[in-house]
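Colleague: Here you go, this is coords.cif (mmCIF, C-alpha atoms and all ligand atoms).
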```cif
data_start
loop_
_atom_site.group_PDB
_atom_site.id
_atom_site.type_symbol
_atom_site.label_atom_id
_atom_site.label_comp_id
_atom_site.auth_asym_id
_atom_site.auth_seq_id
_atom_site.Cartn_x
_atom_site.Cartn_y
_atom_site.Cartn_z
ATOM 1 C CA MET A 1 -12.248 7.113 -1.931
ATOM 2 C CA ARG A 2 -11.525 8.409 1.529
ATOM 3 C CA ILE A 3 -8.594 7.014 3.507
ATOM 4 C CA ASP A 4 -8.140 7.825 7.205
ATOM 5 C CA ILE A 5 -4.812 6.938 8.780
ATOM 6 C CA ILE A 6 -4.141 6.712 12.519
ATOM 7 C CA THR A 7 -0.460 7.292 13.217
ATOM 8 C CA VAL A 8 1.986 8.367 15.909
ATOM 9 C CA ALA A 9 4.181 10.001 13.247
ATOM 10 C CA PRO A 10 1.964 12.035 10.887
ATOM 11 C CA GLU A 11 4.979 13.971 9.618
ATOM 12 C CA LEU A 12 6.245 10.747 7.989
ATOM 13 C CA LEU A 13 3.088 10.607 5.896
ATOM 14 C CA GLU A 14 2.665 14.216 4.823
ATOM 15 C CA SER A 15 5.261 14.240 2.090
ATOM 16 C CA PRO A 16 4.458 10.976 0.252
ATOM 17 C CA PHE A 17 0.884 12.102 -0.316
ATOM 18 C CA ASN A 18 1.758 15.501 -1.744
ATOM 19 C CA HIS A 19 3.410 14.237 -4.896
ATOM 20 C CA SER A 20 2.737 12.758 -8.242
ATOM 21 C CA ILE A 21 -0.140 10.347 -8.664
ATOM 22 C CA ILE A 22 -1.636 10.657 -5.193
ATOM 23 C CA GLN A 23 -1.576 14.445 -5.496
ATOM 24 C CA ARG A 24 -3.268 14.169 -8.892
ATOM 25 C CA ALA A 25 -5.932 11.886 -7.423
ATOM 26 C CA LYS A 26 -6.543 14.412 -4.644
ATOM 27 C CA ASP A 27 -6.685 17.324 -7.122
ATOM 28 C CA LYS A 28 -9.249 15.461 -9.224
ATOM 29 C CA GLY A 29 -11.345 14.791 -6.120
ATOM 30 C CA LEU A 30 -10.930 11.031 -6.529
ATOM 31 C CA ALA A 31 -9.069 10.434 -3.271
ATOM 32 C CA GLU A 32 -8.872 12.106 0.125
ATOM 33 C CA ILE A 33 -6.334 11.167 2.755
ATOM 34 C CA HIS A 34 -6.768 12.308 6.361
ATOM 35 C CA LEU A 35 -4.121 11.826 9.041
ATOM 36 C CA HIS A 36 -5.039 11.424 12.727
ATOM 37 C CA ASN A 37 -2.349 11.830 15.355
ATOM 38 C CA LEU A 38 -2.718 9.113 17.995
ATOM 39 C CA ARG A 39 -0.926 11.395 20.444
ATOM 40 C CA ASP A 40 -4.079 13.587 20.482
ATOM 41 C CA TYR A 41 -5.783 10.646 22.195
ATOM 42 C CA GLY A 42 -2.929 10.022 24.633
ATOM 43 C CA LEU A 43 -3.759 9.572 28.315
ATOM 44 C CA GLY A 44 -2.936 12.049 31.070
ATOM 45 C CA ASN A 45 -0.666 15.071 31.114
ATOM 46 C CA TYR A 46 2.027 13.206 29.213
ATOM 47 C CA ARG A 47 -0.412 12.019 26.561
ATOM 48 C CA GLN A 48 0.730 8.476 27.117
ATOM 49 C CA ILE A 49 0.067 6.074 24.219
ATOM 50 C CA ASP A 50 2.298 3.095 25.017
ATOM 51 C CA ASP A 51 3.184 0.905 27.959
ATOM 52 C CA TYR A 52 5.242 -2.159 28.944
ATOM 53 C CA GLN A 53 3.911 -5.496 27.830
ATOM 54 C CA PHE A 54 2.275 -7.888 30.260
ATOM 55 C CA GLY A 55 4.391 -10.968 30.835
ATOM 56 C CA GLY A 56 7.605 -9.012 30.418
ATOM 57 C CA GLY A 57 9.861 -8.637 27.412
ATOM 58 C CA ALA A 58 11.551 -5.835 25.552
ATOM 59 C CA GLY A 59 9.582 -3.219 23.666
ATOM 60 C CA MET A 60 6.560 -1.063 24.306
ATOM 61 C CA VAL A 61 3.014 -1.786 23.170
ATOM 62 C CA LEU A 62 0.513 0.805 21.924
ATOM 63 C CA MET A 63 -2.270 0.923 24.515
ATOM 64 C CA ILE A 64 -5.851 -0.043 23.795
ATOM 65 C CA GLU A 65 -7.567 3.101 25.113
ATOM 66 C CA PRO A 66 -6.076 5.840 22.905
ATOM 67 C CA ILE A 67 -6.561 3.750 19.764
ATOM 68 C CA ALA A 68 -10.083 2.631 20.704
ATOM 69 C CA ASN A 69 -11.094 6.234 21.487
ATOM 70 C CA CYS A 70 -9.680 7.462 18.183
ATOM 71 C CA ILE A 71 -11.404 4.699 16.180
ATOM 72 C CA GLU A 72 -14.717 5.250 17.996
ATOM 73 C CA ASP A 73 -14.548 8.979 17.178
ATOM 74 C CA LEU A 74 -13.954 8.198 13.505
ATOM 75 C CA LEU A 75 -16.776 5.636 13.494
ATOM 76 C CA LYS A 76 -19.172 8.356 14.648
ATOM 77 C CA GLU A 77 -18.539 10.109 11.321
ATOM 78 C CA ARG A 78 -18.714 7.163 8.928
ATOM 79 C CA ASP A 79 -18.616 3.394 8.485
ATOM 80 C CA TYR A 80 -15.495 1.860 7.019
ATOM 81 C CA ASP A 81 -15.411 -0.818 4.326
ATOM 82 C CA GLU A 82 -12.153 -2.018 5.830
ATOM 83 C CA ILE A 83 -10.153 -1.252 8.981
ATOM 84 C CA ILE A 84 -6.606 -2.234 8.087
ATOM 85 C CA TYR A 85 -3.743 -2.789 10.510
ATOM 86 C CA MET A 86 -0.224 -2.531 9.081
ATOM 87 C CA THR A 87 1.981 -5.178 10.682
ATOM 88 C CA PRO A 88 4.767 -7.529 9.626
ATOM 89 C CA ASP A 89 2.878 -10.520 11.104
ATOM 90 C CA ALA A 90 0.202 -10.617 8.417
ATOM 91 C CA GLN A 91 -0.424 -11.681 4.829
ATOM 92 C CA THR A 92 1.792 -9.905 2.317
ATOM 93 C CA LEU A 93 0.350 -7.187 0.102
ATOM 94 C CA ASN A 94 -0.124 -8.182 -3.527
ATOM 95 C CA GLN A 95 -1.761 -6.720 -6.611
ATOM 96 C CA SER A 96 -4.957 -8.644 -6.059
ATOM 97 C CA ILE A 97 -5.424 -7.108 -2.571
ATOM 98 C CA SER A 98 -4.686 -3.647 -4.030
ATOM 99 C CA ASN A 99 -7.218 -4.186 -6.827
ATOM 100 C CA THR A 100 -9.908 -5.125 -4.310
ATOM 101 C CA LEU A 101 -9.119 -2.189 -2.005
ATOM 102 C CA SER A 102 -9.140 0.313 -4.892
ATOM 103 C CA LEU A 103 -12.904 -0.267 -5.241
ATOM 104 C CA LYS A 104 -13.731 0.676 -1.625
ATOM 105 C CA GLU A 105 -15.232 3.987 -0.537
ATOM 106 C CA ASN A 106 -13.895 4.372 3.020
ATOM 107 C CA ILE A 107 -10.767 2.794 4.412
ATOM 108 C CA LEU A 108 -9.226 3.258 7.852
ATOM 109 C CA ILE A 109 -5.559 2.335 8.264
ATOM 110 C CA LEU A 110 -3.991 1.856 11.681
ATOM 111 C CA THR A 111 -0.203 1.958 11.800
ATOM 112 C CA GLY A 112 1.708 0.276 14.603
ATOM 113 C CA HIS A 113 4.923 1.272 16.353
ATOM 114 C CA TYR A 114 7.328 -0.394 18.767
ATOM 115 C CA LYS A 115 6.034 -3.927 19.445
ATOM 116 C CA GLY A 116 2.693 -3.123 17.842
ATOM 117 C CA VAL A 117 -0.793 -2.575 19.235
ATOM 118 C CA ASP A 118 -2.604 -4.314 22.080
ATOM 119 C CA GLN A 119 -4.080 -7.493 20.569
ATOM 120 C CA ARG A 120 -7.587 -6.513 21.725
ATOM 121 C CA ILE A 121 -7.631 -3.689 19.144
ATOM 122 C CA ARG A 122 -6.948 -6.236 16.427
ATOM 123 C CA ASP A 123 -9.628 -8.564 17.774
ATOM 124 C CA LYS A 124 -12.314 -5.899 18.092
ATOM 125 C CA TYR A 125 -11.846 -3.485 15.192
ATOM 126 C CA VAL A 126 -9.424 -4.692 12.541
ATOM 127 C CA THR A 127 -10.917 -6.377 9.461
ATOM 128 C CA LEU A 128 -7.732 -6.796 7.399
ATOM 129 C CA GLU A 129 -4.055 -7.075 8.380
ATOM 130 C CA ILE A 130 -1.374 -6.357 5.811
ATOM 131 C CA SER A 131 2.407 -6.687 5.749
ATOM 132 C CA ILE A 132 4.403 -5.176 2.887
ATOM 133 C CA GLY A 133 7.154 -7.797 3.133
ATOM 134 C CA ASP A 134 9.179 -10.058 5.370
ATOM 135 C CA TYR A 135 11.197 -7.393 7.135
ATOM 136 C CA VAL A 136 10.465 -5.148 10.093
ATOM 137 C CA LEU A 137 10.120 -1.379 9.715
ATOM 138 C CA THR A 138 10.300 1.102 12.593
ATOM 139 C CA GLY A 139 6.599 1.767 12.223
ATOM 140 C CA GLY A 140 3.707 1.071 9.909
ATOM 141 C CA GLU A 141 3.723 4.550 8.310
ATOM 142 C CA LEU A 142 5.921 3.753 5.332
ATOM 143 C CA ALA A 143 3.993 0.525 4.852
ATOM 144 C CA ALA A 144 0.711 2.483 4.898
ATOM 145 C CA ALA A 145 2.141 4.868 2.291
ATOM 146 C CA VAL A 146 2.949 1.875 0.085
ATOM 147 C CA VAL A 147 -0.590 0.519 0.434
ATOM 148 C CA CYS A 148 -2.129 3.931 -0.311
ATOM 149 C CA ASP A 149 0.050 4.473 -3.371
ATOM 150 C CA SER A 150 -0.712 1.029 -4.758
ATOM 151 C CA ILE A 151 -4.483 1.423 -4.371
ATOM 152 C CA VAL A 152 -4.974 5.109 -5.222
ATOM 153 C CA ARG A 153 -3.319 4.727 -8.635
ATOM 154 C CA LEU A 154 -5.875 2.014 -9.454
ATOM 155 C CA ILE A 155 -8.932 4.189 -8.782
ATOM 156 C CA PRO A 156 -10.615 4.681 -12.168
ATOM 157 C CA GLY A 157 -9.703 8.087 -13.580
ATOM 158 C CA VAL A 158 -6.509 8.558 -11.567
ATOM 159 C CA LEU A 159 -3.993 7.389 -14.159
ATOM 160 C CA GLY A 160 -3.980 9.469 -17.346
ATOM 161 C CA ASP A 161 -3.814 6.451 -19.599
ATOM 162 C CA GLU A 162 -6.502 4.113 -18.296
ATOM 163 C CA THR A 163 -4.835 1.071 -19.771
ATOM 164 C CA SER A 164 -1.487 1.570 -18.140
ATOM 165 C CA ALA A 165 -2.424 -0.011 -14.796
ATOM 166 C CA LEU A 166 -3.738 -3.019 -16.691
ATOM 167 C CA THR A 167 -0.307 -3.725 -18.141
ATOM 168 C CA ASP A 168 1.565 -3.368 -14.830
ATOM 169 C CA SER A 169 3.584 -6.213 -13.456
ATOM 170 C CA PHE A 170 1.428 -8.674 -11.452
ATOM 171 C CA GLN A 171 -1.899 -7.665 -13.029
ATOM 172 C CA ASP A 172 -2.048 -11.147 -14.558
ATOM 173 C CA ASN A 173 0.464 -12.806 -12.222
ATOM 174 C CA LEU A 174 3.329 -12.033 -14.617
ATOM 175 C CA LEU A 175 6.164 -9.552 -14.342
ATOM 176 C CA SER A 176 6.223 -6.797 -16.983
ATOM 177 C CA PRO A 177 8.157 -7.331 -20.229
ATOM 178 C CA PRO A 178 11.166 -5.079 -21.009
ATOM 179 C CA VAL A 179 10.377 -1.577 -22.302
ATOM 180 C CA TYR A 180 12.421 0.761 -24.507
ATOM 181 C CA THR A 181 12.262 4.341 -25.745
ATOM 182 C CA ARG A 182 14.307 6.510 -28.105
ATOM 183 C CA PRO A 183 16.974 6.305 -29.404
ATOM 184 C CA ALA A 184 16.441 2.995 -31.214
ATOM 185 C CA ASP A 185 20.214 2.528 -31.331
ATOM 186 C CA TYR A 186 22.376 3.733 -28.428
ATOM 187 C CA LYS A 187 26.062 3.153 -29.144
ATOM 188 C CA GLY A 188 25.236 -0.121 -30.867
ATOM 189 C CA MET A 189 22.737 -1.263 -28.203
ATOM 190 C CA LYS A 190 19.660 -1.819 -30.334
ATOM 191 C CA VAL A 191 15.979 -1.970 -29.466
ATOM 192 C CA PRO A 192 14.490 -5.334 -30.577
ATOM 193 C CA ASP A 193 13.343 -5.066 -34.224
ATOM 194 C CA VAL A 194 9.860 -6.360 -33.486
ATOM 195 C CA LEU A 195 9.050 -3.236 -31.400
ATOM 196 C CA LEU A 196 9.833 -1.022 -34.429
ATOM 197 C CA SER A 197 7.882 -3.214 -36.860
ATOM 198 C CA GLY A 198 4.433 -1.672 -36.380
ATOM 199 C CA ASN A 199 3.025 -5.220 -36.352
ATOM 200 C CA PHE A 200 0.919 -4.992 -33.195
ATOM 201 C CA PRO A 201 -0.192 -8.627 -32.895
ATOM 202 C CA LYS A 202 3.464 -9.628 -33.195
ATOM 203 C CA ILE A 203 4.477 -7.007 -30.619
ATOM 204 C CA GLU A 204 1.870 -8.325 -28.175
ATOM 205 C CA GLU A 205 3.088 -11.864 -28.739
ATOM 206 C CA TRP A 206 6.702 -10.787 -28.103
ATOM 207 C CA ARG A 207 5.691 -8.960 -24.912
ATOM 208 C CA SER A 208 3.796 -11.975 -23.566
ATOM 209 C CA GLU A 209 6.755 -14.209 -24.311
ATOM 210 C CA LYS A 210 9.213 -11.870 -22.571
ATOM 211 C CA ALA A 211 6.899 -11.403 -19.578
ATOM 212 C CA TYR A 212 6.674 -15.166 -19.205
ATOM 213 C CA GLU A 213 10.452 -15.653 -19.588
ATOM 214 C CA ARG A 214 11.202 -12.946 -17.026
ATOM 215 C CA THR A 215 8.662 -14.357 -14.551
ATOM 216 C CA GLN A 216 10.031 -17.867 -14.944
ATOM 217 C CA LYS A 217 13.549 -16.631 -14.309
ATOM 218 C CA ILE A 218 12.962 -14.212 -11.417
ATOM 219 C CA ARG A 219 9.639 -15.163 -9.777
ATOM 220 C CA PRO A 220 8.730 -18.726 -10.798
ATOM 221 C CA ASP A 221 6.469 -18.887 -7.714
ATOM 222 C CA LEU A 222 4.024 -16.534 -9.480
ATOM 223 C CA LEU A 223 3.456 -19.127 -12.191
ATOM 224 C CA ASP A 224 2.317 -21.704 -9.616
ATOM 225 C CA GLU A 225 -0.474 -19.483 -8.298
HETATM 226 N N1 LIG B 301 5.281 -2.420 10.347
HETATM 227 C C1 LIG B 301 6.562 -2.772 10.566
HETATM 228 N N2 LIG B 301 7.025 -3.559 9.600
HETATM 229 C C2 LIG B 301 6.002 -3.705 8.697
HETATM 230 C C3 LIG B 301 5.861 -4.420 7.498
HETATM 231 N N3 LIG B 301 6.854 -5.147 6.966
HETATM 232 N N4 LIG B 301 4.675 -4.361 6.872
HETATM 233 C C4 LIG B 301 3.660 -3.649 7.406
HETATM 234 N N5 LIG B 301 3.739 -2.967 8.539
HETATM 235 C C5 LIG B 301 4.901 -2.989 9.199
#
```
Transcribe the structure of this file into structure tokens.
Ligand code: ADE
Modeller:
Amino acid sequence: MRIDIITVAPELLESPFNHSIIQRAKDKGLAEIHLHNLRDYGLGNYRQIDDYQFGGGAGMVLMIEPIANCIEDLLKERDYDEIIYMTPDAQTLNQSISNTLSLKENILILTGHYKGVDQRIRDKYVTLEISIGDYVLTGGELAAAVVCDSIVRLIPGVLGDETSALTDSFQDNLLSPPVYTRPADYKGMKVPDVLLSGNFPKIEEWRSEKAYERTQKIRPDLLDE
């Protein structure tokens, strides 16, 4: 998978992609992430990328021209399966969206700043808009990092143990059950006997039960879906 990201703050995105699972995916040649600095497409001597909004109101808007020029340049190189705009005024990311995106070949992510991008960019180029939650970040970079992390780990071959993504929270609309590791008894706090029993059907049954209980308690909305 190749992911291109258009950003006004590339430095915010360098570090998250040089660690852990994303780094492993890059090392294995399963994922490439390329950052494009919108400022390189800025207009005039000052490389202007934003301007006041028509109609008045606080906050700057990212201008159409720099973004359109950047996207058009990228489109000369390849087609994208999805052009994603990170914005709080969109559907919220969930595991099902991440699963779908993990199967794509080429993804372009546009991150907003200030009041966001000129609506005409969204109308003309964007095929999918994603929010990572009902709160407003300074820019879309951290949100883009979240999206990339959640999809890259799902690319077949990225996780060492292929089954581990399948047992994540949300894969079947349930939260994960509790997990334990050694010691089996820490100052009298004991691991549930069933997990030490070696009876795998029973262990699976216990895990399903606990996943259901936890979901009902913390996220009952997931059970309605
Ligand atoms: N940009 C600013 N806030 C955001 C959010 N919650 N999700 C996605 N992009 C954003």
Colleague: Find the residues near ligand LIG 301 (chain B). Use a cut-off of 8 Å, count only C-alpha atoms and all ligand atoms, and write them as a PyMOL selection string.
Modeller: chain A and resi 85-90+92+111-113+116+130-144
Colleague: Within 9 Å of Glu82 in chain A, counting only C-alpha atoms, which residues qualify if same-chain residues fewer than 3 places away don't, as a count of residues only?
Modeller: 10
Colleague: For the interface of range 8-89 of chain A with range 146-164 of chain A (cut-off 8 Å, counting only C-alpha atoms), please tabulate each contacting residue of range 8-89 of chain A alongside its nearest pair of atoms and their separation in Å to one decimal, rows sorted by chain and increasing number, as JSON lines.
Modeller:
```
{"residue": "A:Ile21", "atom": "CA", "partner": "A:Arg153", "partner_atom": "CA", "distance": 6.5}
{"residue": "A:Ile22", "atom": "CA", "partner": "A:Val152", "partner_atom": "CA", "distance": 6.5}
{"residue": "A:Arg24", "atom": "CA", "partner": "A:Val158", "partner_atom": "CA", "distance": 7.0}
{"residue": "A:Ala25", "atom": "CA", "partner": "A:Val158", "partner_atom": "CA", "distance": 5.3}
{"residue": "A:Lys28", "atom": "CA", "partner": "A:Val158", "partner_atom": "CA", "distance": 7.8}
{"residue": "A:Leu30", "atom": "CA", "partner": "A:Val158", "partner_atom": "CA", "distance": 7.1}
{"residue": "A:Ala31", "atom": "CA", "partner": "A:Val152", "partner_atom": "CA", "distance": 7.0}
```
Colleague: Pick from A:Lys26, A:Lys115, A:His34, A:Lys187: nearest to Glu14 in chain A, with all atoms listed in the file counted?
Modeller: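 Among A:Lys26, A:Lys115, A:His34, A:Lys187, it is A:His34 that comes nearest to Glu14 in chain A.
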Colleague: Calculated over only C-alpha atoms, which of the candidates A:Ser96, A:Arg47, A:Leu12, A:Asn69 has the smallest distance to Asp172 in chain A?
Modeller: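 Looking only at the distances to Asp172 in chain A, the closest residue turns out to be A:Ser96.
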Colleague: Take the PyMOL selection byres (((chain A and resi 196) around 12) and not hetatm), apply it to the structure above, and return the hits as number ranges by chain.
Modeller: A: 180-185, 190-195, 197-200, 202-203
Colleague: Just to be explicit: take each residue in the selection above, keep C-alpha atoms, and write the result as a short mmCIF file (atom, residue, chain, number, x, y, z; two decimals), in the frame of the given file.
Modeller:
```cif
data_model
loop_
_atom_site.label_atom_id
_atom_site.label_comp_id
_atom_site.auth_asym_id
_atom_site.auth_seq_id
_atom_site.Cartn_x
_atom_site.Cartn_y
_atom_site.Cartn_z
CA TYR A 180 12.42 0.76 -24.51
CA THR A 181 12.26 4.34 -25.74
CA ARG A 182 14.31 6.51 -28.10
CA PRO A 183 16.97 6.30 -29.40
CA ALA A 184 16.44 3.00 -31.21
CA ASP A 185 20.21 2.53 -31.33
CA LYS A 190 19.66 -1.82 -30.33
CA VAL A 191 15.98 -1.97 -29.47
CA PRO A 192 14.49 -5.33 -30.58
CA ASP A 193 13.34 -5.07 -34.22
CA VAL A 194 9.86 -6.36 -33.49
CA LEU A 195 9.05 -3.24 -31.40
CA SER A 197 7.88 -3.21 -36.86
CA GLY A 198 4.43 -1.67 -36.38
CA ASN A 199 3.02 -5.22 -36.35
CA PHE A 200 0.92 -4.99 -33.20
CA LYS A 202 3.46 -9.63 -33.20
CA ILE A 203 4.48 -7.01 -30.62
#
```
